[in-house]
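Colleague: Enclosed is the structure file query.csv (CSV, C-alpha atoms).
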```csv
chain,number,residue,atom,x,y,z
A,1,MET,CA,0.0,0.0,0.0
A,2,HIS,CA,1.3,3.4,-0.9
A,3,THR,CA,0.0,6.9,-0.1
A,4,LEU,CA,-0.2,10.2,-1.9
A,5,LYS,CA,2.2,13.1,-2.2
A,6,THR,CA,2.2,16.2,-4.4
A,7,LEU,CA,1.8,15.6,-8.1
A,8,ALA,CA,4.6,17.4,-10.1
A,9,ALA,CA,3.4,20.2,-12.3
A,10,GLY,CA,2.6,19.1,-15.8
A,11,ALA,CA,2.7,15.4,-14.9
A,12,LEU,CA,-0.8,14.7,-16.3
A,13,ALA,CA,0.6,15.4,-19.8
A,14,GLY,CA,2.3,12.0,-19.6
A,15,LEU,CA,-0.9,10.0,-19.0
A,16,LEU,CA,-1.1,9.0,-22.6
A,17,ALA,CA,2.6,8.0,-22.9
A,18,ALA,CA,3.4,4.5,-24.3
A,19,PRO,CA,3.8,1.8,-21.6
A,20,VAL,CA,7.4,0.9,-20.6
A,21,ALA,CA,8.5,-2.6,-21.8
A,22,HIS,CA,8.3,-5.1,-19.0
A,23,ALA,CA,10.9,-7.5,-17.6
A,24,ALA,CA,11.0,-11.3,-17.8
A,25,SER,CA,10.4,-14.0,-15.3
A,26,PHE,CA,12.5,-14.2,-12.1
A,27,TRP,CA,12.9,-16.3,-9.0
A,28,ASP,CA,14.7,-15.2,-5.9
A,29,GLY,CA,15.0,-17.9,-3.3
A,30,PHE,CA,17.3,-15.9,-1.1
A,31,ASP,CA,19.7,-18.8,-1.1
A,32,SER,CA,22.7,-16.6,-0.4
A,33,ASN,CA,20.9,-15.4,2.7
A,34,TYR,CA,20.2,-12.1,1.1
A,35,TYR,CA,18.3,-10.6,-1.8
A,36,ASN,CA,19.6,-10.5,-5.4
A,37,GLY,CA,20.9,-7.0,-5.8
A,38,SER,CA,20.4,-7.1,-9.6
A,39,LEU,CA,16.6,-7.5,-9.0
A,40,TRP,CA,15.9,-5.5,-5.9
A,41,THR,CA,16.6,-2.4,-4.0
A,42,ALA,CA,15.8,-1.7,-0.3
A,43,SER,CA,13.7,1.4,0.3
A,44,SER,CA,14.4,4.4,2.5
A,45,GLY,CA,12.1,7.2,3.6
A,46,LYS,CA,8.5,7.7,4.6
A,47,ASN,CA,5.2,7.1,2.8
A,48,GLY,CA,3.0,9.3,5.0
A,49,ASP,CA,-0.4,8.4,6.5
A,50,PRO,CA,-1.3,5.7,7.6
A,51,PHE,CA,2.3,4.5,7.8
A,52,GLY,CA,3.8,5.0,11.3
A,53,CYS,CA,7.4,4.1,10.4
A,54,THR,CA,10.3,5.0,8.2
A,55,PHE,CA,11.8,2.5,5.7
A,56,TYR,CA,15.4,1.8,6.4
A,57,PRO,CA,17.6,-0.5,4.2
A,58,GLU,CA,19.2,-2.0,7.3
A,59,MET,CA,15.8,-3.4,8.3
A,60,VAL,CA,16.2,-5.9,5.4
A,61,SER,CA,18.5,-8.7,6.5
A,62,ALA,CA,19.3,-12.3,6.2
A,63,ALA,CA,17.3,-14.8,8.3
A,64,THR,CA,18.3,-18.4,9.3
A,65,GLY,CA,17.5,-21.1,6.8
A,66,GLY,CA,18.0,-19.2,3.6
A,67,GLN,CA,15.2,-16.7,4.1
A,68,LEU,CA,15.0,-13.0,3.9
A,69,ALA,CA,13.7,-11.0,6.9
A,70,LEU,CA,11.9,-7.7,6.6
A,71,LYS,CA,12.1,-6.3,10.2
A,72,LEU,CA,10.1,-3.8,12.1
A,73,HIS,CA,10.1,-2.0,15.4
A,74,ASN,CA,8.6,1.2,16.7
A,75,GLY,CA,9.2,3.8,14.0
A,76,ALA,CA,11.3,1.6,11.7
A,77,CYS,CA,10.2,-0.8,9.0
A,78,ALA,CA,11.4,-2.5,5.8
A,79,GLU,CA,10.6,-2.7,2.1
A,80,LEU,CA,12.0,-4.3,-1.1
A,81,LYS,CA,11.1,-3.1,-4.6
A,82,THR,CA,12.2,-4.4,-7.9
A,83,LYS,CA,14.5,-2.3,-10.1
A,84,SER,CA,12.4,-3.4,-13.2
A,85,LYS,CA,8.8,-3.3,-14.1
A,86,TYR,CA,6.6,-6.4,-14.7
A,87,GLN,CA,3.3,-6.9,-16.4
A,88,TYR,CA,0.8,-9.8,-16.8
A,89,GLY,CA,2.0,-12.8,-15.0
A,90,THR,CA,2.0,-14.7,-11.7
A,91,VAL,CA,3.4,-13.0,-8.6
A,92,GLN,CA,3.8,-15.2,-5.6
A,93,THR,CA,5.7,-15.8,-2.3
A,94,ARG,CA,5.9,-17.9,0.7
A,95,LEU,CA,6.2,-16.0,4.0
A,96,ARG,CA,5.7,-16.1,7.7
A,97,LEU,CA,5.3,-13.2,10.1
A,98,SER,CA,5.1,-12.1,13.7
A,99,ASN,CA,1.6,-11.9,15.0
A,100,ILE,CA,1.6,-8.2,15.9
A,101,PRO,CA,-1.6,-6.2,15.6
A,102,GLY,CA,-1.2,-3.0,13.8
A,103,THR,CA,1.2,-4.4,11.3
A,104,VAL,CA,1.0,-5.3,7.6
A,105,ALA,CA,3.0,-7.8,5.6
A,106,SER,CA,2.6,-7.6,1.9
A,107,LEU,CA,3.4,-8.5,-1.7
A,108,PHE,CA,2.1,-6.2,-4.4
A,109,THR,CA,2.6,-4.4,-7.7
A,110,TYR,CA,2.6,-0.6,-7.6
A,111,ASP,CA,3.2,2.2,-10.0
A,112,SER,CA,2.2,5.9,-9.9
A,113,TRP,CA,3.5,9.4,-10.6
A,114,HIS,CA,6.0,9.0,-7.8
A,115,ILE,CA,7.8,6.3,-9.9
A,116,THR,CA,6.9,7.3,-13.4
A,117,PRO,CA,5.8,10.9,-13.9
A,118,GLY,CA,2.4,11.2,-15.5
A,119,ASN,CA,1.4,7.6,-14.7
A,120,PRO,CA,-1.8,6.9,-12.6
A,121,TRP,CA,-1.6,5.1,-9.3
A,122,THR,CA,-2.3,1.4,-10.0
A,123,GLU,CA,-1.8,-1.3,-7.4
A,124,ILE,CA,-2.6,-5.0,-6.9
A,125,ASP,CA,-2.3,-6.1,-3.3
A,126,ILE,CA,-1.7,-9.1,-1.1
A,127,GLU,CA,-1.7,-8.0,2.5
A,128,ILE,CA,-1.8,-9.9,5.8
A,129,LEU,CA,-3.0,-7.9,8.8
A,130,PRO,CA,-3.0,-9.5,12.2
A,131,SER,CA,-5.5,-7.0,13.6
A,132,PHE,CA,-8.2,-8.5,11.3
A,133,GLY,CA,-7.6,-12.1,12.3
A,134,ASN,CA,-7.1,-15.0,9.9
A,135,VAL,CA,-7.8,-13.2,6.6
A,136,LEU,CA,-6.0,-12.4,3.4
A,137,ASN,CA,-6.6,-8.8,2.3
A,138,THR,CA,-6.9,-8.5,-1.5
A,139,ASN,CA,-7.2,-5.1,-3.2
A,140,VAL,CA,-6.9,-3.2,-6.5
A,141,ILE,CA,-6.3,0.5,-6.4
A,142,TYR,CA,-6.6,3.2,-9.1
A,143,GLN,CA,-6.2,6.9,-9.1
A,144,ALA,CA,-5.4,9.0,-12.1
A,145,SER,CA,-3.9,11.9,-10.1
A,146,THR,CA,-3.9,13.6,-6.7
A,147,SER,CA,-7.0,15.6,-7.8
A,148,ALA,CA,-8.9,12.6,-9.1
A,149,GLN,CA,-11.2,10.2,-7.2
A,150,TYR,CA,-9.4,7.4,-5.3
A,151,ARG,CA,-10.9,4.0,-6.2
A,152,SER,CA,-10.4,0.7,-4.4
A,153,TRP,CA,-11.7,-2.8,-4.8
A,154,GLU,CA,-10.9,-4.4,-1.5
A,155,LYS,CA,-12.0,-7.8,-0.1
A,156,ARG,CA,-10.9,-9.9,2.8
A,157,ILE,CA,-10.8,-13.6,2.4
A,158,ASP,CA,-11.3,-16.0,5.3
A,159,LEU,CA,-8.3,-18.3,5.4
A,160,GLY,CA,-9.7,-20.6,8.0
A,161,GLN,CA,-11.9,-22.3,5.4
A,162,HIS,CA,-8.7,-23.5,3.7
A,163,GLY,CA,-7.1,-24.8,6.9
A,164,ILE,CA,-4.3,-22.3,7.1
A,165,ASN,CA,-3.4,-19.4,9.4
A,166,PRO,CA,-0.4,-17.2,8.7
A,167,MET,CA,-0.3,-16.3,12.4
A,168,ASN,CA,0.7,-19.9,13.1
A,169,GLY,CA,3.1,-20.7,10.2
A,170,ALA,CA,4.1,-20.1,6.7
A,171,ILE,CA,1.6,-19.2,3.9
A,172,GLN,CA,2.2,-19.5,0.2
A,173,VAL,CA,0.1,-16.9,-1.6
A,174,GLY,CA,0.0,-15.0,-4.9
A,175,PHE,CA,-2.1,-13.7,-7.8
A,176,ASP,CA,-2.4,-14.2,-11.6
A,177,TRP,CA,-2.6,-10.9,-13.5
A,178,THR,CA,-3.9,-10.9,-17.1
A,179,THR,CA,-5.4,-8.4,-19.5
A,180,ASP,CA,-8.9,-9.1,-18.2
A,181,LYS,CA,-8.7,-11.0,-14.8
A,182,ILE,CA,-6.8,-10.9,-11.5
A,183,SER,CA,-7.1,-14.1,-9.5
A,184,TRP,CA,-5.6,-14.5,-6.0
A,185,PHE,CA,-4.6,-17.9,-4.7
A,186,VAL,CA,-3.3,-19.7,-1.6
A,187,TYR,CA,-1.9,-23.1,-1.0
A,188,ASN,CA,-4.2,-24.8,1.5
A,189,SER,CA,-3.5,-27.2,4.3
A,190,ALA,CA,-3.1,-30.1,1.8
A,191,SER,CA,-0.6,-28.0,-0.2
A,192,LYS,CA,-3.1,-27.6,-3.0
A,193,LYS,CA,-3.3,-24.4,-5.0
A,194,VAL,CA,-6.8,-22.8,-4.4
A,195,TYR,CA,-8.1,-19.7,-6.0
A,196,VAL,CA,-9.9,-17.5,-3.4
A,197,ARG,CA,-10.9,-14.5,-5.4
A,198,THR,CA,-11.1,-13.4,-9.1
A,199,VAL,CA,-11.9,-9.9,-10.4
A,200,SER,CA,-12.8,-9.4,-14.0
A,201,LYS,CA,-12.5,-6.4,-16.4
A,202,SER,CA,-16.1,-5.4,-16.9
A,203,SER,CA,-18.4,-2.5,-16.4
A,204,SER,CA,-21.1,-4.9,-15.1
A,205,THR,CA,-22.4,-4.2,-11.6
A,206,ASN,CA,-23.4,-7.8,-11.0
A,207,CYS,CA,-20.0,-9.2,-10.5
A,208,ASP,CA,-16.7,-8.7,-8.8
A,209,CYS,CA,-15.5,-6.4,-11.6
A,210,ILE,CA,-13.4,-3.4,-12.5
A,211,PRO,CA,-14.2,-1.1,-15.5
A,212,ALA,CA,-11.7,-1.1,-18.3
A,213,GLU,CA,-10.7,2.5,-17.6
A,214,TYR,CA,-9.4,1.6,-14.2
A,215,TRP,CA,-7.8,-1.8,-15.0
A,216,PRO,CA,-4.1,-2.1,-14.1
A,217,SER,CA,-2.6,-2.5,-17.6
A,218,ARG,CA,0.8,-0.9,-17.3
A,219,PRO,CA,4.1,-2.6,-16.2
A,220,ALA,CA,4.8,-2.0,-12.5
A,221,PRO,CA,7.5,-2.7,-10.0
A,222,ILE,CA,6.9,-5.5,-7.5
A,223,PHE,CA,7.1,-4.7,-3.8
A,224,ALA,CA,7.3,-6.6,-0.5
A,225,ASN,CA,7.1,-4.7,2.8
A,226,TYR,CA,6.5,-5.0,6.5
A,227,TRP,CA,5.3,-1.9,8.3
A,228,HIS,CA,3.1,-0.6,11.1
A,229,GLY,CA,0.3,2.0,11.3
A,230,ASN,CA,0.7,5.5,12.8
A,231,ASN,CA,-1.9,5.1,15.6
A,232,TYR,CA,-3.6,8.3,14.6
A,233,ASN,CA,-6.8,9.1,16.4
A,234,TYR,CA,-9.0,6.8,14.4
A,235,ASN,CA,-11.9,4.8,15.6
A,236,TYR,CA,-10.1,1.5,16.1
A,237,ASN,CA,-13.4,-0.4,16.1
A,238,SER,CA,-14.1,0.7,12.6
A,239,VAL,CA,-13.7,-1.9,9.8
A,240,ASN,CA,-12.4,1.0,7.7
A,241,TYR,CA,-9.3,1.7,9.8
A,242,PHE,CA,-6.1,0.3,8.3
A,243,PRO,CA,-4.3,-1.4,9.9
A,244,LYS,CA,-5.6,-0.6,13.5
A,245,ASN,CA,-3.7,0.0,16.7
A,246,TYR,CA,0.0,-0.8,16.9
A,247,SER,CA,1.5,-1.5,20.4
A,248,GLY,CA,5.2,-0.9,19.6
A,249,ALA,CA,6.4,-4.5,19.6
A,250,ALA,CA,9.2,-5.6,17.3
A,251,GLY,CA,8.9,-8.4,14.8
A,252,GLN,CA,9.7,-9.6,11.3
A,253,ALA,CA,8.2,-11.1,8.2
A,254,THR,CA,10.4,-13.7,6.6
A,255,TYR,CA,10.2,-14.6,2.9
A,256,ASP,CA,11.3,-18.0,1.6
A,257,PHE,CA,11.1,-16.8,-2.0
A,258,ILE,CA,9.5,-14.3,-4.3
A,259,GLN,CA,8.7,-15.2,-7.9
A,260,PHE,CA,7.3,-13.6,-11.0
A,261,ILE,CA,6.2,-15.8,-14.0
A,262,ASP,CA,5.9,-13.9,-17.2
A,263,TYR,CA,2.9,-14.7,-19.5
```
Kindly transcribe the structure held in the file into structure tokens.

Modeller:
Amino acid sequence: MHTLKTLAAGALAGLLAAPVAHAASFWDGFDSNYYNGSLWTASSGKNGDPFGCTFYPEMVSAATGGQLALKLHNGACAELKTKSKYQYGTVQTRLRLSNIPGTVASLFTYDSWHITPGNPWTEIDIEILPSFGNVLNTNVIYQASTSAQYRSWEKRIDLGQHGINPMNGAIQVGFDWTTDKISWFVYNSASKKVYVRTVSKSSSTNCDCIPAEYWPSRPAPIFANYWHGNNYNYNYNSVNYFPKNYSGAAGQATYDFIQFIDY
């Protein structure tokens, strides 16, 4: 999830620019106990509300067993982002995280005017939020500019029906992204791939659909991050608050691998 900052003057003129060519498939299994520097860079800086922490490269570190750890403590968090952009394919990972309310562990595609001047904000999300229990948060976001309407197609999936709980162990999860469908999946307790949600490109109001003008169709970097909320004076009982109250505890999300399969 990313938040808004000031749109550079004249950036809207680039909205009709030709898409950037996208990169090919990759697999990073973190076998060297760190990430592939030719694929990734570790973020630094703040995103603003509702983030309550600053991204520091040193919060990305090796974990035991050939995993990568994105660490978090009060005021500090971690993010990886690809150096290249990717389009239409499968994005997936296997991860485990500390069960700390107020935190978010994620894997997502994201592009906007912050990365590519003139481009709209487009995002496809996988998020795990301990504050909401045993659910997978799925979302697609679109916004043409800071002055345009923010649009979101969010849905939380009950993982208990598939016999898994990321608060108790690892979860393998991802999504397939095509020209007209986005399908999120998990691997259930029998290690079988199960699709849990599909959104289609359509203007129909009788389906889980996104109109064509808001469909994520441009190449975008892939991100993984682990962060906590800013504990602003929201109503913590509201289902609309994201990601609810954070106590200040330290933790980490460990990623066994991250993969993109080009179509």

Colleague: Report, in Å to a single decimal, how far apart atom CA of A:Phe242 and atom CA of A:Ser204 are.

Modeller: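 We find that atom CA of A:Ser204 and atom CA of A:Phe242 lie 28.3 Å from each other.
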
Colleague: Distance atom CA of A:Ser147-atom CA of A:Pro216, one decimal place?

Modeller: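 Separating atom CA of A:Ser147 from atom CA of A:Pro216 is a distance of 19.0 Å.
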
Colleague: Take atom CA of A:Lys85 and atom CA of A:Asn47 and report the distance between them in Å, one decimal.

Modeller: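 Atom-to-atom, atom CA of A:Lys85 to atom CA of A:Asn47, that is 20.2 Å.
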
Colleague: Could you tell me which of A:Ala63, A:Met167, A:Leu70, A:Ile261 comes closest to A:Ser131 if we count all atoms listed in the file?

Modeller: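 The closest residue to A:Ser131 is A:Met167.
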
Colleague: Find the residues around A:Tyr187 up to 9 Å (all atoms listed in the file counted), leave out those fewer than 3 positions away in its own chain, and share them as a ChimeraX atom specification.

Modeller: /A:162,164,171-173,190-195

Colleague: I need every residue sitting at most 8 Å from the point (-9.2, 2.4, -13.8) (coordinates as in the file, all atoms listed in the file considered), written as a ChimeraX atom specification.

Modeller: /A:122,142-144,151,210-216

Colleague: Counting only C-alpha atoms, which of A:Ile115, A:Val186, A:Val60, A:Cys209 gets nearest to A:Glu154?

Modeller: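 Selected residue with least distance to A:Glu154: A:Cys209.
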
Colleague: Measuring atom to atom with only C-alpha atoms, identify which of A:Gly174, A:Gly66, A:Pro219, A:Gly229 is nearest to A:Tyr255.

Modeller: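 Nearest to A:Tyr255: A:Gly66.
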
Colleague: At most 12 Å is the cut-off: for each residue in stretch 39-68 of chain A with any atom that close to an atom of stretch 256-260 of chain A, write down the nearest atom pair and the distance in Å rounded to one decimal, counting all atoms listed in the file, chain first then increasing number, as JSON lines.

Modeller:
```
{"residue": "A:Leu39", "atom": "CA", "partner": "A:Ile258", "partner_atom": "CA", "distance": 10.9}
{"residue": "A:Trp40", "atom": "CA", "partner": "A:Ile258", "partner_atom": "CA", "distance": 11.0}
{"residue": "A:Ala62", "atom": "CA", "partner": "A:Asp256", "partner_atom": "CA", "distance": 10.8}
{"residue": "A:Ala63", "atom": "CA", "partner": "A:Asp256", "partner_atom": "CA", "distance": 9.5}
{"residue": "A:Thr64", "atom": "CA", "partner": "A:Asp256", "partner_atom": "CA", "distance": 10.4}
{"residue": "A:Gly65", "atom": "CA", "partner": "A:Asp256", "partner_atom": "CA", "distance": 8.7}
{"residue": "A:Gly66", "atom": "CA", "partner": "A:Asp256", "partner_atom": "CA", "distance": 7.1}
{"residue": "A:Gln67", "atom": "CA", "partner": "A:Asp256", "partner_atom": "CA", "distance": 4.8}
{"residue": "A:Leu68", "atom": "CA", "partner": "A:Asp256", "partner_atom": "CA", "distance": 6.6}
```

Colleague: Those same residues, written as a PDB file, keeping the file's coordinate frame with C-alpha atoms?

Modeller:
```pdb
ATOM      1  CA  LEU A  39      16.600  -7.500  -9.000  1.00  0.00           C
ATOM      2  CA  TRP A  40      15.900  -5.500  -5.900  1.00  0.00           C
ATOM      3  CA  ALA A  62      19.300 -12.300   6.200  1.00  0.00           C
ATOM      4  CA  ALA A  63      17.300 -14.800   8.300  1.00  0.00           C
ATOM      5  CA  THR A  64      18.300 -18.400   9.300  1.00  0.00           C
ATOM      6  CA  GLY A  65      17.500 -21.100   6.800  1.00  0.00           C
ATOM      7  CA  GLY A  66      18.000 -19.200   3.600  1.00  0.00           C
ATOM      8  CA  GLN A  67      15.200 -16.700   4.100  1.00  0.00           C
ATOM      9  CA  LEU A  68      15.000 -13.000   3.900  1.00  0.00           C
TER      10      LEU A  68
END
```

Colleague: Identify which of the residues A:Ser38, A:Ser247, A:Leu136, A:Thr54 lies closest to A:Gln161, counting all atoms listed in the file when measuring atom-to-atom distances.

Modeller: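 Nearest to A:Gln161: A:Leu136.
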
Colleague: Ranking A:Phe132, A:Trp184, A:Phe175, A:Tyr35 by minimum distance to A:Ser61 and counting all atoms listed in the file, which one comes first?

Modeller: A:Tyr35

Colleague: Would you kindly return, as a list in words, each protein, DNA or RNA residue with an atom no farther than 9 Å from any atom of A:Gly248, considering only C-alpha atoms and excluding same-chain residues fewer than 4 positions away?

Modeller: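 Close residues of A:Gly248: His73, Asn74, Gly75, Ile100, Gly102 and His228 of chain A.
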
Colleague: I need the chosen residues saved as a tab-separated table (two decimals), in the coordinates of the input, with C-alpha atoms.

Modeller:
```
chain	number	residue	atom	x	y	z
A	73	HIS	CA	10.10	-2.00	15.40
A	74	ASN	CA	8.60	1.20	16.70
A	75	GLY	CA	9.20	3.80	14.00
A	100	ILE	CA	1.60	-8.20	15.90
A	102	GLY	CA	-1.20	-3.00	13.80
A	228	HIS	CA	3.10	-0.60	11.10
```

Colleague: Please determine, counting all atoms listed in the file, which residue among A:Phe108, A:Lys71, A:Tyr88, A:Gly118 has the shortest atom-to-atom distance to A:Asp180.

Modeller: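 Among the listed residues, A:Tyr88 lies closest to A:Asp180.
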